[in-house]
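In what follows, a single structure is set out as structure tokens and then discussed.
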2 protein chains.
Amino acid sequence: MKDLSGKQRKIFEYIRDFIDGHDYPPSIRQIQEACGISSTSVVDYNLRILEKGGYIKRDREVSRAIEVTHGGQKRGRIATVPIIGTIAAGLPIPTPSPDNVDSTDTIDISPDLLGNHENVFALRVKGTSMIDALVNDGDVVILEAVSDAKQGDMVAAWLEREQEATLKRFFREGDRVRLQPANSTMEPIYTEASNVVIQGRVIAAVRPNI
Amino acid sequence: MKDLSGKQRKIFEYIRDFIDGHDYPPSIRQIQEACGISSTSVVDYNLRILEKGGYIKRDREVSRAIEVTHGGQKRGRIATVPIIGTIAAGLPIPTPSPDNVDSTDTIDISPDLLGNHENVFALRVKGTSMIDALVNDGDVVILEAVSDAKQGDMVAAWLEREQEATLKRFFREGDRVRLQPANSTMEPIYTEASNVVIQGRVIAAVRPNI
DNA sequence: TTGACAACCGAACAAATGGTCTCTAACGTG
DNA sequence: CACGTTAGAGACCATTTGTTCGGTTGTCAA
């Protein structure tokens, strides 16, 4: 990155930022204007250098055909999941609503982490109360908003009588429910089906910045 | 997605695939050819419908200015991290080398999960032996290849005498080392510094497909 | 039958755009 | 100084490209 002149670095960063903002690359004349260059030939000249250095890739004769390839980062499809609140033992589990989904607090993940689930949201784990689900303070759990669960699903559930939130595997056994911790060395809890309100199905968990 | 004609869906999918392949959008005439349409005006006609339906966004008068916006998925920078092997108690921890990094087994994550670390690789967790690090069978841990650690870093370490891999927080205490599990209810282990080979620093963990 | 309308075709236009050519200026090297 | 290289300026050209306009076809309801 240090074998570039100031002008070249400026061009490179402009292209990168433009793509981030517009989802398509800038034209040569847009680069020219934005970087205060007086001729398209100068832009072309420097783009050749950038291409030779492996910073970008160009398809000749095709407009806006600039591809940024640097830093091991490519561009691809990402899913931006809103983090609508926190989950902790004593707090009710937030549910997605127009009030809290347009927040600026989001997490970007790969779409294949989502499968093809819809109504996906995320919760930040507060405290160590979910440790039997193998998630700790600061972790983020990705959930699908559902109110029913199949056998063995990992769910976020609210226990009415205990007034407590929990993450467990769900097993219906007659008119009772077994809630099994992810950590197999820990004991399950049993309760009546009417005491369990399912708020979402856990589809992934992310632990950032360890 | 069902209020689209066959032709419109074909156009939409072509645009999406083209962007995935080239990192810049196709021109109207490229869409025309690829979808077997006889006139550019038909493409324009259908693009207007797609835009009205919220599937794409267009900047008028600008070539290749098509932005795909659908399914909550946008496009952005992603980091593709190679999964170079598995980590389990009794197995040596793989280290990145040209032999095993160009594999097809990768995981896509958001770059801000990485910070600005370099030499990043990933390991798939096998078995439940890492459960005291709050990671379970099938989880993926993201590591930075380092051979030294600061106080409190979460590291992947190889214990020479025990011939065992482990994920723990690292604390140097004189000529001894304390390895502290992430689960604070579990007990640390103490050993000599010479018995510990640090293979990497854990920077994130992902639990897919719960 | 008529009219409205959606979908499409073919052609043409004007703007946008990439590339190239010539010419300068600065700089270092022998 | 002569020479080559690098960096840039300005003009120009040929495509590429988005857009528009008139016409056509098929469907369906009044």
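Every chain in the structure tokens takes a letter, A first, then B, and so on in the order presented; its residues are numbered from 1, and the ligands are numbered from 1 following the presented order.
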Using only C-alpha atoms (C1' of nucleotides), I'd like a table of the residues in chain B that come within 12 Å of chain D; for each, show the closest atom pair and its distance in Å rounded to one decimal, ordered by chain and ascending number, as a tab-separated table.
residue	atom	partner	partner_atom	distance
B:Pro26	CA	D:DT17	C1'	10.9
B:Ser27	CA	D:DT17	C1'	7.3
B:Ile28	CA	D:DT17	C1'	7.6
B:Arg29	CA	D:DT17	C1'	8.0
B:Gln30	CA	D:DT17	C1'	10.4
B:Thr40	CA	D:DG18	C1'	9.3
B:Ser41	CA	D:DT19	C1'	8.4
B:Val42	CA	D:DT19	C1'	11.8
B:Val43	CA	D:DG18	C1'	11.0
B:Asp44	CA	D:DT19	C1'	8.6
B:Tyr45	CA	D:DT19	C1'	10.8
B:Leu47	CA	D:DG18	C1'	12.0
B:Arg58	CA	D:DG18	C1'	11.2
B:Asp59	CA	D:DG18	C1'	10.3
B:Arg60	CA	D:DG18	C1'	7.7
B:Glu61	CA	D:DG18	C1'	5.6
B:Val62	CA	D:DG18	C1'	7.1
B:Ser63	CA	D:DT17	C1'	6.2
B:Arg64	CA	D:DT17	C1'	8.5
B:Ala65	CA	D:DG18	C1'	10.1
B:Ile66	CA	D:DG18	C1'	11.9
Selected residues, N, CA and C atoms, written as a compact mmCIF listing (two decimals), in the first residue's frame, please.
# COMPACT_ATOMS: atom_id res chain seq x y z
N PRO B 26 -24.50 -5.11 -15.00
CA PRO B 26 -24.50 -5.25 -16.46
C PRO B 26 -25.16 -4.04 -17.12
N SER B 27 -24.85 -3.85 -18.40
CA SER B 27 -25.54 -2.81 -19.16
C SER B 27 -26.87 -3.37 -19.66
N ILE B 28 -27.70 -2.45 -20.10
CA ILE B 28 -29.02 -2.87 -20.60
C ILE B 28 -28.87 -3.83 -21.76
N ARG B 29 -27.90 -3.56 -22.63
CA ARG B 29 -27.75 -4.45 -23.79
C ARG B 29 -27.22 -5.82 -23.40
N GLN B 30 -26.44 -5.88 -22.33
CA GLN B 30 -26.01 -7.20 -21.86
C GLN B 30 -27.20 -7.99 -21.31
N THR B 40 -33.79 -3.20 -26.55
CA THR B 40 -33.41 -2.59 -25.27
C THR B 40 -34.59 -1.93 -24.59
N SER B 41 -35.55 -1.51 -25.38
CA SER B 41 -36.68 -0.82 -24.76
C SER B 41 -37.49 -1.77 -23.88
N VAL B 42 -37.48 -3.04 -24.25
CA VAL B 42 -38.19 -4.02 -23.43
C VAL B 42 -37.47 -4.19 -22.09
N VAL B 43 -36.15 -4.19 -22.15
CA VAL B 43 -35.39 -4.27 -20.91
C VAL B 43 -35.71 -3.08 -20.03
N ASP B 44 -35.68 -1.90 -20.65
CA ASP B 44 -35.98 -0.68 -19.90
C ASP B 44 -37.37 -0.76 -19.29
N TYR B 45 -38.30 -1.21 -20.09
CA TYR B 45 -39.69 -1.35 -19.63
C TYR B 45 -39.78 -2.23 -18.39
N LEU B 47 -37.28 -3.10 -16.41
CA LEU B 47 -36.49 -2.56 -15.30
C LEU B 47 -37.30 -1.54 -14.51
N ARG B 58 -32.35 2.32 -9.50
CA ARG B 58 -31.57 2.77 -10.66
C ARG B 58 -31.26 4.25 -10.56
N ASP B 59 -30.09 4.62 -11.03
CA ASP B 59 -29.76 6.03 -11.20
C ASP B 59 -29.92 6.33 -12.67
N ARG B 60 -30.84 7.20 -12.98
CA ARG B 60 -31.13 7.50 -14.37
C ARG B 60 -29.91 8.13 -15.06
N GLU B 61 -29.82 7.87 -16.33
CA GLU B 61 -28.82 8.51 -17.19
C GLU B 61 -27.40 8.06 -16.87
N VAL B 62 -27.26 7.14 -15.93
CA VAL B 62 -25.92 6.69 -15.58
C VAL B 62 -25.78 5.23 -16.00
N SER B 63 -24.71 4.95 -16.71
CA SER B 63 -24.56 3.61 -17.23
C SER B 63 -24.30 2.61 -16.11
N ARG B 64 -24.90 1.47 -16.24
CA ARG B 64 -24.71 0.36 -15.30
C ARG B 64 -25.06 0.73 -13.87
N ALA B 65 -25.99 1.68 -13.71
CA ALA B 65 -26.30 2.13 -12.35
C ALA B 65 -27.51 1.36 -11.82
N ILE B 66 -27.34 0.07 -11.66
CA ILE B 66 -28.41 -0.76 -11.12
C ILE B 66 -27.95 -1.32 -9.79
Problem set entry | Selection near Arg176 in chain B, 10 Å with only C-alpha atoms (C1' of nucleotides), sequence-local residues under 6 positions removed, as a ChimeraX atom specification | /B:190-196
Give me a file of those residues, with N, CA and C atoms, as a CSV table (one decimal), in the first residue's frame.
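The file below, part-v2.csv, is the result:
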chain,number,residue,atom,x,y,z
B,190,TYR,N,-2.9,-24.5,35.8
B,190,TYR,CA,-1.6,-23.8,35.8
B,190,TYR,C,-0.5,-24.8,35.2
B,191,THR,N,0.4,-24.2,34.5
B,191,THR,CA,1.5,-25.0,34.0
B,191,THR,C,2.7,-24.2,33.7
B,192,GLU,N,3.8,-24.8,33.4
B,192,GLU,CA,5.0,-24.0,33.1
B,192,GLU,C,4.9,-23.3,31.7
B,193,ALA,N,5.5,-22.2,31.6
B,193,ALA,CA,5.5,-21.5,30.3
B,193,ALA,C,6.0,-22.3,29.2
B,194,SER,N,7.0,-23.2,29.5
B,194,SER,CA,7.6,-23.9,28.4
B,194,SER,C,6.7,-25.1,27.9
B,195,ASN,N,5.7,-25.3,28.6
B,195,ASN,CA,4.8,-26.4,28.3
B,195,ASN,C,3.7,-25.9,27.3
B,196,VAL,N,3.6,-24.6,27.1
B,196,VAL,CA,2.5,-24.0,26.4
B,196,VAL,C,3.0,-23.4,25.0
Pose of chain B fitted onto chain A, C-alpha LSQ, given as a PDB file with C-alpha atoms, in the first residue's frame:
ATOM      1  CA  MET B   1      -0.476  -0.120   0.498  1.00  0.00           C
ATOM      2  CA  LYS B   2       2.586   2.045   0.901  1.00  0.00           C
ATOM      3  CA  ASP B   3       3.851   1.747  -2.649  1.00  0.00           C
ATOM      4  CA  LEU B   4       1.143   4.160  -3.782  1.00  0.00           C
ATOM      5  CA  SER B   5       1.455   7.881  -4.367  1.00  0.00           C
ATOM      6  CA  GLY B   6      -0.929  10.256  -2.671  1.00  0.00           C
ATOM      7  CA  LYS B   7      -2.923  10.642  -5.832  1.00  0.00           C
ATOM      8  CA  GLN B   8      -3.175   6.918  -6.327  1.00  0.00           C
ATOM      9  CA  ARG B   9      -4.354   6.320  -2.806  1.00  0.00           C
ATOM     10  CA  LYS B  10      -6.893   9.090  -3.204  1.00  0.00           C
ATOM     11  CA  ILE B  11      -8.212   7.499  -6.378  1.00  0.00           C
ATOM     12  CA  PHE B  12      -8.346   4.078  -4.768  1.00  0.00           C
ATOM     13  CA  GLU B  13     -10.233   5.344  -1.747  1.00  0.00           C
ATOM     14  CA  TYR B  14     -12.638   7.319  -3.894  1.00  0.00           C
ATOM     15  CA  ILE B  15     -13.489   4.230  -5.913  1.00  0.00           C
ATOM     16  CA  ARG B  16     -14.023   2.190  -2.766  1.00  0.00           C
ATOM     17  CA  ASP B  17     -16.240   4.828  -1.183  1.00  0.00           C
ATOM     18  CA  PHE B  18     -18.179   5.401  -4.398  1.00  0.00           C
ATOM     19  CA  ILE B  19     -18.969   1.706  -4.706  1.00  0.00           C
ATOM     20  CA  ASP B  20     -20.027   1.572  -1.068  1.00  0.00           C
ATOM     21  CA  GLY B  21     -22.419   4.424  -1.749  1.00  0.00           C
ATOM     22  CA  HIS B  22     -23.777   3.559  -5.162  1.00  0.00           C
ATOM     23  CA  ASP B  23     -23.274  -0.189  -5.616  1.00  0.00           C
ATOM     24  CA  TYR B  24     -21.672   0.441  -8.999  1.00  0.00           C
ATOM     25  CA  PRO B  25     -18.239   1.738  -9.868  1.00  0.00           C
ATOM     26  CA  PRO B  26     -17.534   5.333 -10.928  1.00  0.00           C
ATOM     27  CA  SER B  27     -16.581   6.356 -14.447  1.00  0.00           C
ATOM     28  CA  ILE B  28     -13.136   7.654 -15.225  1.00  0.00           C
ATOM     29  CA  ARG B  29     -14.463  11.180 -15.547  1.00  0.00           C
ATOM     30  CA  GLN B  30     -16.132  10.974 -12.157  1.00  0.00           C
ATOM     31  CA  ILE B  31     -12.821   9.948 -10.652  1.00  0.00           C
ATOM     32  CA  GLN B  32     -11.183  12.795 -12.498  1.00  0.00           C
ATOM     33  CA  GLU B  33     -13.525  15.394 -11.069  1.00  0.00           C
ATOM     34  CA  ALA B  34     -13.617  14.029  -7.551  1.00  0.00           C
ATOM     35  CA  CYS B  35      -9.860  13.852  -7.252  1.00  0.00           C
ATOM     36  CA  GLY B  36      -9.212  17.181  -8.926  1.00  0.00           C
ATOM     37  CA  ILE B  37      -7.336  15.724 -11.864  1.00  0.00           C
ATOM     38  CA  SER B  38      -7.187  17.721 -15.043  1.00  0.00           C
ATOM     39  CA  SER B  39      -7.322  14.931 -17.590  1.00  0.00           C
ATOM     40  CA  THR B  40      -8.857  11.539 -18.021  1.00  0.00           C
ATOM     41  CA  SER B  41      -5.588  10.219 -19.308  1.00  0.00           C
ATOM     42  CA  VAL B  42      -4.023  10.805 -15.920  1.00  0.00           C
ATOM     43  CA  VAL B  43      -6.754   8.761 -14.324  1.00  0.00           C
ATOM     44  CA  ASP B  44      -6.178   6.013 -16.850  1.00  0.00           C
ATOM     45  CA  TYR B  45      -2.452   6.197 -16.214  1.00  0.00           C
ATOM     46  CA  ASN B  46      -2.885   5.774 -12.479  1.00  0.00           C
ATOM     47  CA  LEU B  47      -5.544   3.110 -12.830  1.00  0.00           C
ATOM     48  CA  ARG B  48      -3.078   1.034 -14.822  1.00  0.00           C
ATOM     49  CA  ILE B  49      -0.627   1.338 -11.953  1.00  0.00           C
ATOM     50  CA  LEU B  50      -3.289   0.376  -9.447  1.00  0.00           C
ATOM     51  CA  GLU B  51      -4.185  -2.607 -11.586  1.00  0.00           C
ATOM     52  CA  LYS B  52      -0.556  -3.663 -11.927  1.00  0.00           C
ATOM     53  CA  GLY B  53      -0.233  -3.441  -8.160  1.00  0.00           C
ATOM     54  CA  GLY B  54      -3.206  -5.741  -7.675  1.00  0.00           C
ATOM     55  CA  TYR B  55      -5.394  -3.184  -5.958  1.00  0.00           C
ATOM     56  CA  ILE B  56      -8.090  -3.196  -8.599  1.00  0.00           C
ATOM     57  CA  LYS B  57      -9.128  -5.260 -11.588  1.00  0.00           C
ATOM     58  CA  ARG B  58     -10.400  -3.719 -14.810  1.00  0.00           C
ATOM     59  CA  ASP B  59     -12.255  -5.013 -17.823  1.00  0.00           C
ATOM     60  CA  ARG B  60     -10.972  -3.081 -20.775  1.00  0.00           C
ATOM     61  CA  GLU B  61     -13.354  -1.258 -23.079  1.00  0.00           C
ATOM     62  CA  VAL B  62     -16.196  -1.707 -20.620  1.00  0.00           C
ATOM     63  CA  SER B  63     -17.573   1.308 -18.853  1.00  0.00           C
ATOM     64  CA  ARG B  64     -17.348   1.386 -15.083  1.00  0.00           C
ATOM     65  CA  ALA B  65     -15.699  -2.024 -15.053  1.00  0.00           C
ATOM     66  CA  ILE B  66     -13.541  -1.511 -11.996  1.00  0.00           C
ATOM     67  CA  GLU B  67     -13.380  -4.154  -9.338  1.00  0.00           C
ATOM     68  CA  VAL B  68     -11.769  -3.435  -5.981  1.00  0.00           C
ATOM     69  CA  THR B  69      -9.659  -6.305  -4.688  1.00  0.00           C
ATOM     70  CA  HIS B  70      -7.597  -5.518  -1.653  1.00  0.00           C
ATOM     71  CA  GLY B  71      -7.047  -6.621   1.893  1.00  0.00           C
ATOM     72  CA  GLY B  72      -8.720  -9.974   1.391  1.00  0.00           C
ATOM     73  CA  GLN B  73     -12.014  -8.123   1.220  1.00  0.00           C
ATOM     74  CA  LYS B  74     -14.299  -8.582  -1.726  1.00  0.00           C
ATOM     75  CA  ARG B  75     -17.832  -7.405  -2.237  1.00  0.00           C
ATOM     76  CA  GLY B  76     -20.769  -9.689  -1.938  1.00  0.00           C
ATOM     77  CA  ARG B  77     -24.245 -10.068  -0.668  1.00  0.00           C
ATOM     78  CA  ILE B  78     -24.641  -9.309   2.993  1.00  0.00           C
ATOM     79  CA  ALA B  79     -27.604  -9.461   5.308  1.00  0.00           C
ATOM     80  CA  THR B  80     -27.997  -6.659   7.790  1.00  0.00           C
ATOM     81  CA  VAL B  81     -29.803  -7.891  10.873  1.00  0.00           C
ATOM     82  CA  PRO B  82     -31.190  -5.383  13.376  1.00  0.00           C
ATOM     83  CA  ILE B  83     -30.121  -5.818  16.981  1.00  0.00           C
ATOM     84  CA  ILE B  84     -33.348  -4.903  18.690  1.00  0.00           C
ATOM     85  CA  GLY B  85     -32.305  -5.254  22.302  1.00  0.00           C
ATOM     86  CA  THR B  86     -30.646  -7.402  24.913  1.00  0.00           C
ATOM     87  CA  ILE B  87     -31.421 -10.775  26.354  1.00  0.00           C
ATOM     88  CA  ALA B  88     -30.769 -11.521  30.003  1.00  0.00           C
ATOM     89  CA  ALA B  89     -32.285 -13.873  32.536  1.00  0.00           C
ATOM     90  CA  GLY B  90     -34.520 -11.399  34.321  1.00  0.00           C
ATOM     91  CA  LEU B  91     -35.550  -9.248  31.377  1.00  0.00           C
ATOM     92  CA  PRO B  92     -38.415  -9.887  28.971  1.00  0.00           C
ATOM     93  CA  ILE B  93     -37.261 -10.864  25.494  1.00  0.00           C
ATOM     94  CA  PRO B  94     -37.817  -8.004  23.024  1.00  0.00           C
ATOM     95  CA  THR B  95     -39.846  -8.878  19.963  1.00  0.00           C
ATOM     96  CA  PRO B  96     -39.429  -7.200  16.559  1.00  0.00           C
ATOM     97  CA  SER B  97     -41.755  -4.302  15.904  1.00  0.00           C
ATOM     98  CA  PRO B  98     -41.590  -1.218  13.695  1.00  0.00           C
ATOM     99  CA  ASP B  99     -40.577   0.732  16.788  1.00  0.00           C
ATOM    100  CA  ASN B 100     -37.280  -1.009  17.300  1.00  0.00           C
ATOM    101  CA  VAL B 101     -36.198  -2.514  13.986  1.00  0.00           C
ATOM    102  CA  ASP B 102     -35.173   0.665  12.202  1.00  0.00           C
ATOM    103  CA  SER B 103     -32.450   1.249  14.728  1.00  0.00           C
ATOM    104  CA  THR B 104     -28.886   1.969  13.764  1.00  0.00           C
ATOM    105  CA  ASP B 105     -27.685  -0.953  15.840  1.00  0.00           C
ATOM    106  CA  THR B 106     -27.200  -3.770  13.373  1.00  0.00           C
ATOM    107  CA  ILE B 107     -24.921  -6.699  12.656  1.00  0.00           C
ATOM    108  CA  ASP B 108     -23.783  -7.693   9.169  1.00  0.00           C
ATOM    109  CA  ILE B 109     -23.585 -11.388   8.474  1.00  0.00           C
ATOM    110  CA  SER B 110     -23.284 -13.704   5.532  1.00  0.00           C
ATOM    111  CA  PRO B 111     -26.683 -14.597   4.033  1.00  0.00           C
ATOM    112  CA  ASP B 112     -25.877 -18.301   4.105  1.00  0.00           C
ATOM    113  CA  LEU B 113     -25.750 -18.056   7.876  1.00  0.00           C
ATOM    114  CA  LEU B 114     -29.444 -17.215   7.648  1.00  0.00           C
ATOM    115  CA  GLY B 115     -30.568 -19.989   5.350  1.00  0.00           C
ATOM    116  CA  ASN B 116     -33.802 -18.723   3.913  1.00  0.00           C
ATOM    117  CA  HIS B 117     -35.430 -17.686   7.110  1.00  0.00           C
ATOM    118  CA  GLU B 118     -37.420 -14.500   7.294  1.00  0.00           C
ATOM    119  CA  ASN B 119     -38.308 -12.131  10.109  1.00  0.00           C
ATOM    120  CA  VAL B 120     -34.798 -12.383  11.452  1.00  0.00           C
ATOM    121  CA  PHE B 121     -33.554 -10.230  14.310  1.00  0.00           C
ATOM    122  CA  ALA B 122     -30.672 -10.235  16.745  1.00  0.00           C
ATOM    123  CA  LEU B 123     -30.222  -9.834  20.478  1.00  0.00           C
ATOM    124  CA  ARG B 124     -27.159  -8.895  22.437  1.00  0.00           C
ATOM    125  CA  VAL B 125     -26.486 -11.123  25.400  1.00  0.00           C
ATOM    126  CA  LYS B 126     -26.136  -9.303  28.694  1.00  0.00           C
ATOM    127  CA  GLY B 127     -24.526 -11.014  31.612  1.00  0.00           C
ATOM    128  CA  THR B 128     -23.576 -14.651  32.037  1.00  0.00           C
ATOM    129  CA  SER B 129     -27.042 -16.042  32.584  1.00  0.00           C
ATOM    130  CA  MET B 130     -27.122 -17.716  29.156  1.00  0.00           C
ATOM    131  CA  ILE B 131     -23.890 -19.560  29.704  1.00  0.00           C
ATOM    132  CA  ASP B 132     -25.598 -22.934  29.624  1.00  0.00           C
ATOM    133  CA  ALA B 133     -26.460 -22.102  25.997  1.00  0.00           C
ATOM    134  CA  LEU B 134     -22.737 -21.555  25.435  1.00  0.00           C
ATOM    135  CA  VAL B 135     -23.218 -17.825  24.895  1.00  0.00           C
ATOM    136  CA  ASN B 136     -21.613 -15.264  27.122  1.00  0.00           C
ATOM    137  CA  ASP B 137     -21.820 -11.575  27.906  1.00  0.00           C
ATOM    138  CA  GLY B 138     -21.415  -9.567  24.690  1.00  0.00           C
ATOM    139  CA  ASP B 139     -22.343 -12.360  22.303  1.00  0.00           C
ATOM    140  CA  VAL B 140     -24.995 -11.753  19.675  1.00  0.00           C
ATOM    141  CA  VAL B 141     -27.658 -14.340  18.937  1.00  0.00           C
ATOM    142  CA  ILE B 142     -29.530 -14.357  15.623  1.00  0.00           C
ATOM    143  CA  LEU B 143     -33.151 -15.410  15.860  1.00  0.00           C
ATOM    144  CA  GLU B 144     -36.099 -16.065  13.610  1.00  0.00           C
ATOM    145  CA  ALA B 145     -39.325 -14.640  14.949  1.00  0.00           C
ATOM    146  CA  VAL B 146     -41.605 -17.631  15.457  1.00  0.00           C
ATOM    147  CA  SER B 147     -44.103 -18.499  18.146  1.00  0.00           C
ATOM    148  CA  ASP B 148     -43.941 -22.248  17.744  1.00  0.00           C
ATOM    149  CA  ALA B 149     -41.074 -24.700  17.673  1.00  0.00           C
ATOM    150  CA  LYS B 150     -40.321 -28.183  16.431  1.00  0.00           C
ATOM    151  CA  GLN B 151     -38.686 -30.891  18.501  1.00  0.00           C
ATOM    152  CA  GLY B 152     -35.051 -30.085  19.187  1.00  0.00           C
ATOM    153  CA  ASP B 153     -35.150 -26.477  18.027  1.00  0.00           C
ATOM    154  CA  MET B 154     -32.979 -24.065  19.935  1.00  0.00           C
ATOM    155  CA  VAL B 155     -35.389 -21.376  21.103  1.00  0.00           C
ATOM    156  CA  ALA B 156     -35.496 -18.178  23.061  1.00  0.00           C
ATOM    157  CA  ALA B 157     -38.223 -18.769  25.617  1.00  0.00           C
ATOM    158  CA  TRP B 158     -39.896 -16.775  28.344  1.00  0.00           C
ATOM    159  CA  LEU B 159     -40.907 -18.708  31.454  1.00  0.00           C
ATOM    160  CA  GLU B 160     -44.100 -17.107  32.717  1.00  0.00           C
ATOM    161  CA  ARG B 161     -44.079 -18.228  36.308  1.00  0.00           C
ATOM    162  CA  GLU B 162     -40.363 -17.719  36.840  1.00  0.00           C
ATOM    163  CA  GLN B 163     -40.405 -14.414  34.904  1.00  0.00           C
ATOM    164  CA  GLU B 164     -37.203 -15.487  33.223  1.00  0.00           C
ATOM    165  CA  ALA B 165     -35.702 -15.566  29.746  1.00  0.00           C
ATOM    166  CA  THR B 166     -33.648 -18.506  28.573  1.00  0.00           C
ATOM    167  CA  LEU B 167     -32.048 -20.126  25.541  1.00  0.00           C
ATOM    168  CA  LYS B 168     -32.624 -23.871  25.370  1.00  0.00           C
ATOM    169  CA  ARG B 169     -33.381 -26.748  23.078  1.00  0.00           C
ATOM    170  CA  PHE B 170     -37.097 -27.387  23.012  1.00  0.00           C
ATOM    171  CA  PHE B 171     -38.688 -30.825  23.420  1.00  0.00           C
ATOM    172  CA  ARG B 172     -42.421 -31.302  23.854  1.00  0.00           C
ATOM    173  CA  GLU B 173     -43.148 -34.384  25.972  1.00  0.00           C
ATOM    174  CA  GLY B 174     -46.874 -34.852  26.294  1.00  0.00           C
ATOM    175  CA  ASP B 175     -48.300 -31.790  28.027  1.00  0.00           C
ATOM    176  CA  ARG B 176     -44.933 -30.958  29.488  1.00  0.00           C
ATOM    177  CA  VAL B 177     -41.872 -29.382  27.978  1.00  0.00           C
ATOM    178  CA  ARG B 178     -38.231 -30.315  28.415  1.00  0.00           C
ATOM    179  CA  LEU B 179     -35.769 -27.470  27.999  1.00  0.00           C
ATOM    180  CA  GLN B 180     -32.310 -28.831  27.380  1.00  0.00           C
ATOM    181  CA  PRO B 181     -29.156 -26.701  27.696  1.00  0.00           C
ATOM    182  CA  ALA B 182     -26.712 -26.721  24.807  1.00  0.00           C
ATOM    183  CA  ASN B 183     -24.016 -27.777  27.212  1.00  0.00           C
ATOM    184  CA  SER B 184     -24.733 -31.486  27.453  1.00  0.00           C
ATOM    185  CA  THR B 185     -23.158 -31.753  30.885  1.00  0.00           C
ATOM    186  CA  MET B 186     -25.914 -29.615  32.356  1.00  0.00           C
ATOM    187  CA  GLU B 187     -29.316 -30.781  33.439  1.00  0.00           C
ATOM    188  CA  PRO B 188     -32.553 -30.032  31.571  1.00  0.00           C
ATOM    189  CA  ILE B 189     -35.501 -28.354  33.209  1.00  0.00           C
ATOM    190  CA  TYR B 190     -39.070 -29.579  32.928  1.00  0.00           C
ATOM    191  CA  THR B 191     -42.157 -27.394  33.030  1.00  0.00           C
ATOM    192  CA  GLU B 192     -45.731 -27.263  31.766  1.00  0.00           C
ATOM    193  CA  ALA B 193     -46.253 -26.220  28.151  1.00  0.00           C
ATOM    194  CA  SER B 194     -48.457 -23.348  29.290  1.00  0.00           C
ATOM    195  CA  ASN B 195     -45.560 -21.865  31.236  1.00  0.00           C
ATOM    196  CA  VAL B 196     -43.381 -21.515  28.144  1.00  0.00           C
ATOM    197  CA  VAL B 197     -43.736 -18.658  25.653  1.00  0.00           C
ATOM    198  CA  ILE B 198     -41.538 -19.134  22.633  1.00  0.00           C
ATOM    199  CA  GLN B 199     -40.228 -15.832  21.268  1.00  0.00           C
ATOM    200  CA  GLY B 200     -37.931 -17.009  18.537  1.00  0.00           C
ATOM    201  CA  ARG B 201     -35.835 -19.743  17.080  1.00  0.00           C
ATOM    202  CA  VAL B 202     -32.085 -19.338  17.390  1.00  0.00           C
ATOM    203  CA  ILE B 203     -30.407 -19.800  14.026  1.00  0.00           C
ATOM    204  CA  ALA B 204     -26.893 -18.589  14.745  1.00  0.00           C
ATOM    205  CA  ALA B 205     -24.655 -16.951  17.317  1.00  0.00           C
ATOM    206  CA  VAL B 206     -21.710 -14.621  16.913  1.00  0.00           C
ATOM    207  CA  ARG B 207     -19.057 -13.734  19.443  1.00  0.00           C
ATOM    208  CA  PRO B 208     -17.275 -10.571  18.314  1.00  0.00           C
ATOM    209  CA  ASN B 209     -14.091  -8.994  19.645  1.00  0.00           C
ATOM    210  CA  ILE B 210     -12.975 -11.695  22.001  1.00  0.00           C
TER     211      ILE B 210
END
Exercise. So which bits of range 63-152 of chain A end up strand (DSSP E) when you DSSP the backbone, as an NGL selection string?
Worked result: :A and (66-68 or 73-87 or 106-109 or 120-125 or 140-144)
Give me, as a PDB file with C-alpha atoms (C1' of nucleotides), in the first residue's frame, the contact residues of chain C against chain B at a cut-off of 9 Å, counting only C-alpha atoms (C1' of nucleotides).
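Generated file (result11.pdb):
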ATOM      1  C1'  DA C   7     -46.110  -6.180 -23.345  1.00  0.00           C
ATOM      2  C1'  DC C   8     -43.115  -5.886 -26.911  1.00  0.00           C
ATOM      3  C1'  DC C   9     -40.368  -4.497 -31.225  1.00  0.00           C
ATOM      4  C1'  DG C  10     -37.216  -1.643 -34.113  1.00  0.00           C
ATOM      5  C1'  DA C  15     -25.246  11.816 -23.792  1.00  0.00           C
ATOM      6  C1'  DA C  16     -21.868   9.366 -21.324  1.00  0.00           C
ATOM      7  C1'  DT C  17     -17.731   7.116 -21.456  1.00  0.00           C
TER       8       DT C  17
END
Exercise. DSSP says helix (DSSP H, G or I) for which residues of range 33-193 of chain B? Put them as a PyMOL selection string?
Worked result: chain B and resi 33-34+40-52+98-101+111-113+131-133+193
Quick one: write out the picked residues with C-alpha atoms as a tab-separated table (two decimals), in the first residue's frame?
chain	number	residue	atom	x	y	z
B	33	GLU	CA	-28.66	-10.48	-24.98
B	34	ALA	CA	-28.48	-12.75	-21.96
B	40	THR	CA	-33.41	-2.59	-25.27
B	41	SER	CA	-36.68	-0.82	-24.76
B	42	VAL	CA	-38.19	-4.02	-23.43
B	43	VAL	CA	-35.39	-4.27	-20.91
B	44	ASP	CA	-35.98	-0.68	-19.90
B	45	TYR	CA	-39.69	-1.35	-19.63
B	46	ASN	CA	-39.18	-4.29	-17.31
B	47	LEU	CA	-36.49	-2.56	-15.30
B	48	ARG	CA	-38.96	0.20	-14.53
B	49	ILE	CA	-41.36	-2.41	-13.22
B	50	LEU	CA	-38.64	-4.01	-11.14
B	51	GLU	CA	-37.74	-0.61	-9.76
B	52	LYS	CA	-41.36	0.21	-8.96
B	98	PRO	CA	0.13	-22.47	1.55
B	99	ASP	CA	-0.85	-26.14	1.56
B	100	ASN	CA	-4.11	-25.68	3.38
B	101	VAL	CA	-5.23	-22.08	2.93
B	111	PRO	CA	-14.76	-7.33	8.15
B	112	ASP	CA	-15.50	-5.44	11.35
B	113	LEU	CA	-15.56	-8.77	13.14
B	131	ILE	CA	-16.97	-26.52	25.99
B	132	ASP	CA	-15.21	-24.65	28.77
B	133	ALA	CA	-14.43	-22.00	26.13
B	193	ALA	CA	5.46	-21.48	30.30
